[in-house]
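Here's final_19.txt, which has compact mmCIF, C-alpha atoms:
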```
# COMPACT_ATOMS: atom_id res chain seq x y z
CA MET W 1 106.52 18.88 116.65
CA LEU W 2 110.25 18.13 116.81
CA ASN W 3 110.31 16.83 120.38
CA ASN W 4 111.67 13.29 120.57
CA LYS W 5 112.22 13.27 116.78
CA THR W 6 115.31 12.48 114.74
CA ILE W 7 116.30 15.24 112.31
CA LEU W 8 119.03 15.05 109.66
CA ILE W 9 120.60 18.04 107.92
CA THR W 10 122.54 17.52 104.70
CA GLY W 11 125.38 20.02 104.38
CA GLY W 12 124.95 20.46 108.11
CA THR W 13 128.34 22.08 108.81
CA GLY W 14 127.39 25.23 106.87
CA SER W 15 126.04 28.50 108.27
CA PHE W 16 122.44 27.28 108.19
CA GLY W 17 123.21 23.97 109.87
CA LYS W 18 125.01 25.65 112.73
CA LYS W 19 122.16 28.07 113.40
CA PHE W 20 119.62 25.26 113.06
CA LEU W 21 121.50 23.24 115.68
CA GLU W 22 121.40 26.16 118.13
CA MET W 23 117.74 26.92 117.59
CA ILE W 24 116.36 23.40 117.62
CA PHE W 25 117.87 22.72 121.04
CA ALA W 26 116.67 26.11 122.30
CA GLN W 27 113.06 25.49 121.23
CA TYR W 28 112.63 21.70 121.21
CA LYS W 29 113.93 18.50 122.74
CA PRO W 30 114.90 16.38 119.75
CA LYS W 31 115.79 12.73 120.14
CA LYS W 32 118.74 13.13 117.79
CA VAL W 33 120.16 15.62 115.29
CA ILE W 34 122.35 14.16 112.53
CA ILE W 35 124.86 16.40 110.77
CA TYR W 36 125.45 14.84 107.35
CA SER W 37 128.35 16.30 105.36
CA ARG W 38 131.50 15.27 103.52
CA ASP W 39 134.14 17.39 105.29
CA GLU W 40 135.62 15.70 108.36
CA TYR W 41 137.55 18.84 109.34
CA LYS W 42 134.43 21.03 109.43
CA GLN W 43 132.66 18.37 111.48
CA SER W 44 135.56 18.33 113.95
CA VAL W 45 135.48 22.13 114.25
CA MET W 46 131.70 22.07 114.74
CA LYS W 47 131.96 19.45 117.49
CA THR W 48 134.38 21.67 119.40
CA GLU W 49 132.45 24.88 118.73
CA TYR W 50 129.14 23.53 120.04
CA ALA W 51 130.44 21.28 122.83
CA ASP W 52 129.18 23.70 125.52
CA LYS W 53 126.26 25.19 123.59
CA VAL W 54 123.97 22.21 122.94
CA ASP W 55 123.39 18.71 124.26
CA MET W 56 126.03 16.95 122.17
CA SER W 57 124.90 13.55 123.45
CA ARG W 58 121.96 14.01 121.06
CA VAL W 59 124.09 15.06 118.07
CA ARG W 60 125.58 12.64 115.55
CA PHE W 61 128.09 13.42 112.81
CA PHE W 62 127.76 11.38 109.63
CA ILE W 63 130.44 11.58 106.93
CA GLY W 64 128.80 11.27 103.53
CA ASP W 65 128.06 12.92 100.21
CA VAL W 66 124.60 13.51 98.74
CA ARG W 67 126.02 11.99 95.53
CA ASP W 68 126.35 8.65 97.35
CA LYS W 69 122.87 7.09 97.39
CA GLU W 70 123.88 4.00 99.37
CA ARG W 71 125.38 6.12 102.13
CA MET W 72 122.22 8.24 102.25
CA TYR W 73 120.05 5.14 102.69
CA ARG W 74 122.17 4.22 105.71
CA ALA W 75 122.01 7.75 107.12
CA PHE W 76 118.24 8.15 106.59
CA THR W 77 117.30 4.94 108.42
CA GLY W 78 115.15 5.89 111.43
CA VAL W 79 115.08 9.61 110.53
CA ASP W 80 111.81 11.54 110.95
CA TYR W 81 112.68 14.86 109.24
CA VAL W 82 115.30 15.88 106.68
CA ILE W 83 116.47 19.41 105.84
CA HIS W 84 118.38 19.42 102.58
CA ALA W 85 120.95 22.22 102.72
CA ALA W 86 123.85 20.61 100.83
CA ALA W 87 124.69 22.24 97.50
CA MET W 88 127.42 23.73 95.36
CA LYS W 89 126.54 27.41 95.77
CA GLN W 90 129.31 29.57 94.32
CA VAL W 91 128.29 30.86 90.89
CA PRO W 92 131.80 31.00 89.32
CA THR W 93 132.66 27.52 90.63
CA CYS W 94 129.48 26.06 89.15
CA GLU W 95 130.13 27.79 85.81
CA TYR W 96 133.65 26.34 85.60
CA ASN W 97 132.65 22.88 86.88
CA PRO W 98 129.17 22.38 85.43
CA MET W 99 129.02 18.59 85.67
CA GLU W 100 130.11 18.69 89.31
CA ALA W 101 127.32 21.16 90.08
CA ILE W 102 124.84 18.90 88.30
CA LYS W 103 126.01 15.83 90.23
CA THR W 104 125.63 17.57 93.59
CA ASN W 105 122.65 19.88 93.08
CA ILE W 106 120.50 17.71 90.79
CA HIS W 107 121.60 14.09 91.19
CA GLY W 108 122.11 14.72 94.91
CA ALA W 109 118.57 16.08 95.20
CA GLN W 110 117.17 12.96 93.54
CA ASN W 111 119.19 10.79 95.93
CA VAL W 112 117.69 12.66 98.90
CA ILE W 113 114.20 12.08 97.47
CA ASP W 114 114.74 8.36 96.83
CA ALA W 115 116.30 7.76 100.25
CA ALA W 116 113.56 9.72 102.04
CA LEU W 117 110.77 7.81 100.29
CA ASP W 118 112.27 4.37 100.78
CA CYS W 119 113.38 4.97 104.39
CA GLY W 120 109.99 6.34 105.49
CA VAL W 121 111.06 9.90 106.34
CA LYS W 122 107.99 11.94 107.37
CA LYS W 123 108.95 15.30 105.86
CA VAL W 124 111.72 16.80 103.75
CA VAL W 125 112.33 20.55 103.47
CA ALA W 126 114.74 21.59 100.72
CA LEU W 127 116.51 24.95 100.85
CA SER W 128 116.28 26.94 97.63
CA THR W 129 117.55 30.30 96.40
CA ASP W 130 116.39 33.37 94.51
CA LYS W 131 118.82 32.30 91.77
CA ALA W 132 116.48 29.40 90.93
CA VAL W 133 113.90 31.98 89.77
CA ASN W 134 114.35 32.83 86.08
CA PRO W 135 117.94 31.51 86.31
CA ILE W 136 120.72 33.16 84.33
CA ASN W 137 123.59 31.03 85.65
CA LEU W 138 124.25 27.32 86.05
CA TYR W 139 123.88 27.38 89.82
CA GLY W 140 120.40 28.85 89.46
CA GLY W 141 119.57 26.35 86.72
CA THR W 142 120.54 23.38 88.87
CA LYS W 143 118.55 24.71 91.82
CA LEU W 144 115.51 25.24 89.62
CA VAL W 145 115.68 21.57 88.61
CA SER W 146 116.21 20.61 92.24
CA ASP W 147 113.11 22.55 93.32
CA LYS W 148 111.06 20.91 90.59
CA LEU W 149 112.27 17.48 91.67
CA PHE W 150 111.29 18.03 95.30
CA ILE W 151 107.86 19.40 94.43
CA ALA W 152 107.16 16.63 91.92
CA ALA W 153 108.32 14.02 94.46
CA ASN W 154 104.95 14.45 96.18
CA ALA W 155 103.38 12.68 93.20
CA TYR W 156 105.04 9.44 94.35
CA ARG W 157 103.15 9.45 97.63
CA GLY W 158 100.46 6.81 97.73
CA ASN W 159 99.81 3.51 99.42
CA ASN W 160 103.52 2.82 99.80
CA TYR W 161 104.96 6.28 100.52
CA ASN W 162 103.85 9.02 102.92
CA THR W 163 106.80 11.43 102.73
CA VAL W 164 105.90 15.12 102.39
CA PHE W 165 108.25 17.37 100.37
CA SER W 166 108.33 21.18 100.43
CA VAL W 167 110.75 23.98 99.55
CA VAL W 168 111.94 27.09 101.42
CA ARG W 169 113.37 29.88 99.26
CA TYR W 170 115.51 32.86 100.22
CA GLY W 171 118.51 34.79 98.93
CA ASN W 172 121.98 35.18 100.42
CA VAL W 173 121.69 35.15 104.21
CA ALA W 174 123.24 38.17 105.90
CA GLY W 175 126.66 37.26 107.25
CA SER W 176 126.78 33.78 105.73
CA ARG W 177 129.64 32.56 103.55
CA GLY W 178 127.69 33.57 100.45
CA SER W 179 127.26 37.13 101.70
CA VAL W 180 129.50 40.10 100.92
CA ILE W 181 129.47 41.13 104.58
CA PRO W 182 132.34 38.87 105.77
CA ILE W 183 134.44 40.01 102.80
CA TRP W 184 133.94 43.68 103.60
CA LYS W 185 134.48 43.08 107.32
CA ASN W 186 137.86 41.57 106.55
CA ILE W 187 138.83 44.54 104.34
CA ILE W 188 137.81 47.01 107.06
CA ALA W 189 139.57 45.02 109.80
CA ASN W 190 142.80 45.25 107.80
CA GLY W 191 142.52 49.01 107.46
CA GLY W 192 140.97 49.11 104.01
CA THR W 193 138.67 51.98 103.09
CA THR W 194 137.64 50.96 99.56
CA LEU W 195 134.76 48.51 99.18
CA GLY W 196 134.03 46.90 95.83
CA VAL W 197 130.46 47.15 94.52
CA THR W 198 129.38 45.65 91.21
CA ASP W 199 126.57 48.13 90.51
CA MET W 200 125.16 50.90 92.71
CA ARG W 201 121.65 50.19 91.40
CA MET W 202 121.79 46.68 92.87
CA THR W 203 119.30 45.69 95.57
CA ARG W 204 119.10 42.61 97.76
CA PHE W 205 116.77 41.13 100.36
CA TRP W 206 117.88 41.10 104.01
CA ILE W 207 117.29 37.83 105.85
CA THR W 208 119.07 36.56 108.93
CA LEU W 209 120.00 32.97 109.70
CA GLN W 210 117.44 32.98 112.50
CA GLN W 211 114.66 34.00 110.10
CA GLY W 212 115.78 31.31 107.68
CA VAL W 213 115.61 28.62 110.35
CA GLU W 214 112.23 29.86 111.59
CA LEU W 215 110.80 29.51 108.08
CA VAL W 216 112.08 25.93 107.93
CA PHE W 217 110.42 25.21 111.29
CA LYS W 218 107.18 26.57 109.84
CA ALA W 219 107.43 24.38 106.74
CA LEU W 220 108.16 21.34 108.90
CA SER W 221 105.15 22.02 111.10
CA GLU W 222 102.46 22.72 108.50
CA SER W 223 103.43 21.71 104.96
CA ALA W 224 101.12 19.24 103.24
CA GLY W 225 103.33 18.73 100.17
CA GLY W 226 104.51 20.82 97.24
CA GLU W 227 104.55 24.26 98.85
CA THR W 228 107.32 26.82 98.30
CA TYR W 229 107.74 29.16 101.29
CA ILE W 230 109.13 32.70 100.92
CA SER W 231 109.62 35.09 103.87
CA LYS W 232 108.44 38.69 103.82
CA ILE W 233 111.69 40.54 104.40
CA PRO W 234 113.07 44.05 103.75
CA SER W 235 115.27 45.13 100.86
CA PHE W 236 118.37 47.32 100.81
CA HIS W 237 120.62 49.02 98.26
CA ILE W 238 124.10 47.50 98.14
CA GLY W 239 125.68 50.98 98.34
CA ASP W 240 123.79 51.67 101.58
CA LEU W 241 125.18 48.45 103.07
CA ALA W 242 128.72 49.60 102.27
CA LYS W 243 128.07 52.96 103.98
CA ALA W 244 126.51 51.20 106.98
CA MET W 245 129.66 49.14 107.43
CA LEU W 246 132.07 52.03 106.86
CA SER W 247 130.52 55.48 106.70
CA GLU W 248 133.54 57.14 105.05
CA CYS W 249 134.25 54.32 102.63
CA LYS W 250 135.26 54.77 99.02
CA ILE W 251 133.20 52.67 96.63
CA ASP W 252 134.83 50.95 93.68
CA GLU W 253 132.00 50.24 91.22
CA PHE W 254 133.47 47.62 88.90
CA GLY W 255 130.43 46.40 86.96
CA ILE W 256 127.93 43.59 87.21
CA ARG W 257 129.44 40.13 86.94
CA GLU W 258 128.57 37.14 84.80
CA GLY W 259 125.41 35.44 86.04
CA GLU W 260 124.51 38.25 88.45
CA LYS W 261 121.18 40.11 88.63
CA LEU W 262 120.44 43.68 89.65
CA HIS W 263 117.54 42.53 91.83
CA GLU W 264 116.75 39.28 93.64
CA VAL W 265 113.49 37.75 92.45
CA MET W 266 111.58 35.43 94.79
CA ILE W 267 108.18 35.21 93.10
CA THR W 268 107.57 35.72 89.38
CA LYS W 269 104.46 37.16 87.77
CA ASP W 270 103.69 33.72 86.36
CA ASP W 271 103.67 32.32 89.91
CA SER W 272 101.04 34.86 91.01
CA PHE W 273 98.18 32.55 89.97
CA THR W 274 99.03 30.11 92.78
CA THR W 275 100.71 32.40 95.32
CA TYR W 276 99.03 33.22 98.64
CA GLU W 277 100.06 35.98 101.01
CA TYR W 278 100.19 35.36 104.75
CA ASP W 279 101.10 37.63 107.65
CA LYS W 280 104.86 37.06 107.51
CA HIS W 281 105.40 34.98 104.37
CA TYR W 282 104.15 33.88 100.96
CA ILE W 283 103.42 30.36 99.78
CA ILE W 284 103.53 29.28 96.13
CA TYR W 285 101.26 26.27 95.86
CA PRO W 286 101.79 23.51 93.28
CA HIS W 287 99.65 23.28 90.17
CA TYR W 288 99.67 19.60 89.30
CA ASP W 289 97.11 16.83 88.95
CA TRP W 290 98.26 15.16 92.17
CA TRP W 291 97.67 18.26 94.30
CA ASP W 292 94.36 18.19 96.16
CA GLY W 293 93.97 21.98 96.11
CA SER W 294 94.24 22.42 99.89
CA ILE W 295 95.23 25.95 100.95
CA LEU W 296 96.55 26.58 104.44
CA PRO W 297 94.23 28.89 106.42
CA GLY W 298 94.94 32.61 106.76
CA GLY W 299 96.18 33.24 103.23
CA THR W 300 94.94 35.56 100.49
CA LEU W 301 95.57 35.00 96.78
CA VAL W 302 97.87 37.75 95.45
CA GLU W 303 96.81 39.90 92.53
CA GLU W 304 97.43 38.56 89.04
CA GLY W 305 100.79 39.82 87.80
CA PHE W 306 102.21 40.22 91.31
CA GLU W 307 106.01 39.91 91.45
CA TYR W 308 108.13 39.87 94.58
CA ASN W 309 111.64 41.13 94.01
CA SER W 310 114.11 43.20 95.99
CA GLY W 311 113.65 46.18 93.67
CA ASN W 312 109.86 46.56 94.04
CA ASN W 313 109.62 45.68 97.73
CA LYS W 314 107.47 47.79 100.09
CA GLU W 315 109.84 47.49 103.05
CA TRP W 316 113.36 48.94 102.95
CA LEU W 317 116.40 49.26 105.22
CA ASP W 318 118.27 52.58 104.98
CA VAL W 319 121.84 53.14 106.20
CA GLU W 320 120.84 53.62 109.84
CA ALA W 321 118.56 50.59 109.85
CA LEU W 322 121.33 48.50 108.27
CA LYS W 323 123.75 49.61 110.99
CA GLN W 324 121.30 48.40 113.64
CA ALA W 325 120.76 45.11 111.78
CA LEU W 326 124.52 44.54 111.54
CA GLU W 327 124.90 45.09 115.28
CA LEU W 328 122.33 42.37 115.97
CA MET W 329 124.16 39.77 113.89
```

Here is the file; what I need is its structure written in the form of structure tokens.
Amino acid sequence: MLNNKTILITGGTGSFGKKFLEMIFAQYKPKKVIIYSRDEYKQSVMKTEYADKVDMSRVRFFIGDVRDKERMYRAFTGVDYVIHAAAMKQVPTCEYNPMEAIKTNIHGAQNVIDAALDCGVKKVVALSTDKAVNPINLYGGTKLVSDKLFIAANAYRGNNYNTVFSVVRYGNVAGSRGSVIPIWKNIIANGGTTLGVTDMRMTRFWITLQQGVELVFKALSESAGGETYISKIPSFHIGDLAKAMLSECKIDEFGIREGEKLHEVMITKDDSFTTYEYDKHYIIYPHYDWWDGSILPGGTLVEEGFEYNSGNNKEWLDVEALKQALELM
């Protein structure tokens, strides 16, 4: 699928982009991988970090911002596949700088769509988040709009455009910059024994970077346009994660923060009418006039009223299982 193809990743110097770079060269022989991002320092660090890990003769680094449509047209020329990972992700930052979040997460998404259509990109997979589901903060609101834009972009396909757009949704990836794990690791490394927890009732999904990249590979290989992919993954209690990282830790429960949820929601009850369950994932299909109604084989329609959130999950990681998962990171 990706052999001898050119793939571009927006926001490619982030945690996802780095793992994607490792895995694509391990499983395929791409013609070229383009890392598109706005931070020259992070690109320089990434070049050094992966100099001996992948075939760097097939990697290109492109300085650019998703807000800059002209630059994206230049970058997308000759590209087969695009993974859109660039976003403003920190909830407090988005709350304090709302227009900046809108420019990057919404206007940037539209720029990706326009450039992909006009440059003849075959497929675009946009990374989403649980926070886009019933959003209660600005970050989630902007990602909801972004998801809608990418799904609706399939309506523009016709005689002139053949680009396929789909979405992959997951929560904070274990060990990524948006995860609490690096924060707690730093506290423990410096001799700290108190770990801050917002609310002991809080649950989260556990997904690794590898699982996230594998789901993107799946979307690239089979999506027909408009699908939202969600992995089947285990849940954990945030207090159990703290104990897994430091068994004798003291927990400082300081209260849930602005824009934070007790449980991550991936699929709402209202989505159940068009959600199909597969062996290792779910797919929410679009419900628009342009959709031809095609369902990928192997899926079963979920029951009406089904909701997939980290609090009602069937699969859980306890303290011991979390310890093992942390060792594998």

Would you write out, as CSV, a table of all residues in range 224-283 of chain W that have an atom no more than 10 Å from an atom of range 171-184 of chain W, listing for each the closest atom pair and the distance in Å to one decimal, considering all atoms listed in the file and ordering rows by chain and rising residue number?
```
residue,atom,partner,partner_atom,distance
W:Ile230,CA,W:Gly171,CA,9.8
W:Ile238,CA,W:Val180,CA,9.6
W:Leu241,CA,W:Ile181,CA,8.6
W:Ala242,CA,W:Trp184,CA,8.0
W:Met245,CA,W:Trp184,CA,7.9
W:Leu246,CA,W:Trp184,CA,9.2
W:Glu264,CA,W:Gly171,CA,7.2
W:Val265,CA,W:Gly171,CA,8.7
W:Met266,CA,W:Gly171,CA,8.1
```

Identify, on the basis of all atoms listed in the file, every residue whose closest approach to range 195-212 of chain W does not exceed 8 Å; exclude the query and any residue fewer than 6 positions from it along the same chain; express the result as a VMD selection string. chain W and resid 15 to 16 19 23 170 to 176 184 187 233 to 239 242 249 to 257 261 to 264 310 to 311 329

Which residue of W:Asp65, W:Glu40, W:Asp52, W:Asp80 approaches Asn4 in chain W most closely, using all atoms listed in the file: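 Going through W:Asp65, W:Glu40, W:Asp52, W:Asp80 one by one, the smallest distance to Asn4 in chain W is for W:Asp80.
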
Figure out the distance between CA of Ala224 in chain W and CA of Asp279 in chain W, please, to one decimal in Å.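 Distance reported for this atom pair: 18.9 Å.
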
What is the CA of Lys243 in chain W to CA of Glu327 in chain W distance in Å? 14.1 Å

List the neighbours of Ala219 in chain W out to 12 Å using all atoms listed in the file; skip same-chain residues closer than 4 positions along the sequence, and give me the result as a PyMOL selection string. chain W and resi 1+81-83+123-127+164-169+212-215+223-231+281-283+296

When you look at Thr275 in chain W with a cut-off of 9 Å (counting all atoms listed in the file), what residues show up, excluding the ones that are within fewer than 5 positions of it in the same chain? I need them as an NGL selection string. :W and (267 or 282-285 or 300-303 or 306)

May I ask for the distance between CA of Lys29 in chain W and CA of Leu117 in chain W, given in Å to one decimal place?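 For CA of Lys29 in chain W relative to CA of Leu117 in chain W, the distance reads 25.1 Å.
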
Excluding Tyr50 in chain W and its own-chain neighbours fewer than 5 positions away, which residues fall within 9 Å of it when counting all atoms listed in the file? Please give them as a VMD selection string. chain W and resid 18 21 to 22 45 55 to 56

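Between Gln43 in chain W and the residues W:Lys103, W:Arg60, W:Lys31, W:Lys89, the shortest atom-to-atom distance, using only C-alpha atoms, involves W:Arg60.
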
Up to 9 Å from (110.6, 7.9, 106.9) in the file's coordinates: name the residues, counting all atoms listed in the file, as a count of residues only. 18

Return the single residue from W:Thr6, W:Ser272, W:Thr13, W:Asn105 that is closest to Tyr139 in chain W, with distances computed using only C-alpha atoms.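 So, comparing all the options, the nearest one is W:Asn105.
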
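Residues in contact range of Lys69 in chain W, defined as at most 9 Å between all atoms listed in the file, with sequence neighbours fewer than 5 positions away removed, read W:Arg74, W:Gly108, W:Asn111, W:Val112, W:Asp114, W:Ala115.
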
Where atoms are absent from range 97-119 of chain W, fill them in so it carries N, CA and C atoms, then output it as a short mmCIF file (atom, residue, chain, number, x, y, z; two decimals), in the coordinates of the input.
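Output below, filename result.cif:
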```
data_model
loop_
_atom_site.label_atom_id
_atom_site.label_comp_id
_atom_site.auth_asym_id
_atom_site.auth_seq_id
_atom_site.Cartn_x
_atom_site.Cartn_y
_atom_site.Cartn_z
N ASN W 97 132.76 24.32 86.63
CA ASN W 97 132.65 22.88 86.88
C ASN W 97 131.20 22.43 86.74
N PRO W 98 130.62 22.60 85.57
CA PRO W 98 129.17 22.38 85.43
C PRO W 98 128.71 20.97 85.80
N MET W 99 129.46 19.95 85.38
CA MET W 99 129.02 18.59 85.67
C MET W 99 129.08 18.28 87.16
N GLU W 100 130.04 18.89 87.86
CA GLU W 100 130.11 18.69 89.31
C GLU W 100 128.91 19.32 90.00
N ALA W 101 128.51 20.49 89.53
CA ALA W 101 127.32 21.16 90.08
C ALA W 101 126.07 20.32 89.82
N ILE W 102 125.99 19.74 88.64
CA ILE W 102 124.84 18.90 88.30
C ILE W 102 124.79 17.66 89.18
N LYS W 103 125.96 17.04 89.40
CA LYS W 103 126.01 15.83 90.23
C LYS W 103 125.56 16.12 91.66
N THR W 104 125.98 17.25 92.20
CA THR W 104 125.63 17.57 93.59
C THR W 104 124.21 18.14 93.69
N ASN W 105 123.90 19.15 92.90
CA ASN W 105 122.65 19.88 93.08
C ASN W 105 121.43 19.18 92.48
N ILE W 106 121.63 18.39 91.42
CA ILE W 106 120.50 17.71 90.79
C ILE W 106 120.47 16.22 91.16
N HIS W 107 121.56 15.51 90.84
CA HIS W 107 121.60 14.09 91.19
C HIS W 107 121.52 13.90 92.71
N GLY W 108 122.17 14.80 93.45
CA GLY W 108 122.11 14.72 94.91
C GLY W 108 120.70 14.92 95.43
N ALA W 109 119.96 15.85 94.81
CA ALA W 109 118.57 16.08 95.20
C ALA W 109 117.73 14.83 94.98
N GLN W 110 117.92 14.17 93.83
CA GLN W 110 117.17 12.96 93.54
C GLN W 110 117.52 11.85 94.53
N ASN W 111 118.79 11.78 94.94
CA ASN W 111 119.19 10.79 95.93
C ASN W 111 118.50 11.03 97.27
N VAL W 112 118.40 12.31 97.66
CA VAL W 112 117.69 12.66 98.90
C VAL W 112 116.24 12.20 98.81
N ILE W 113 115.60 12.46 97.66
CA ILE W 113 114.20 12.08 97.47
C ILE W 113 114.03 10.56 97.56
N ASP W 114 114.86 9.82 96.84
CA ASP W 114 114.74 8.36 96.83
C ASP W 114 114.96 7.78 98.23
N ALA W 115 116.00 8.27 98.91
CA ALA W 115 116.30 7.76 100.25
C ALA W 115 115.18 8.10 101.23
N ALA W 116 114.63 9.32 101.13
CA ALA W 116 113.56 9.72 102.04
C ALA W 116 112.31 8.88 101.84
N LEU W 117 111.94 8.63 100.59
CA LEU W 117 110.77 7.81 100.29
C LEU W 117 110.95 6.38 100.80
N ASP W 118 112.07 5.78 100.46
CA ASP W 118 112.27 4.37 100.78
C ASP W 118 112.55 4.12 102.26
N CYS W 119 113.07 5.13 102.96
CA CYS W 119 113.38 4.97 104.39
C CYS W 119 112.25 5.45 105.29
#
```
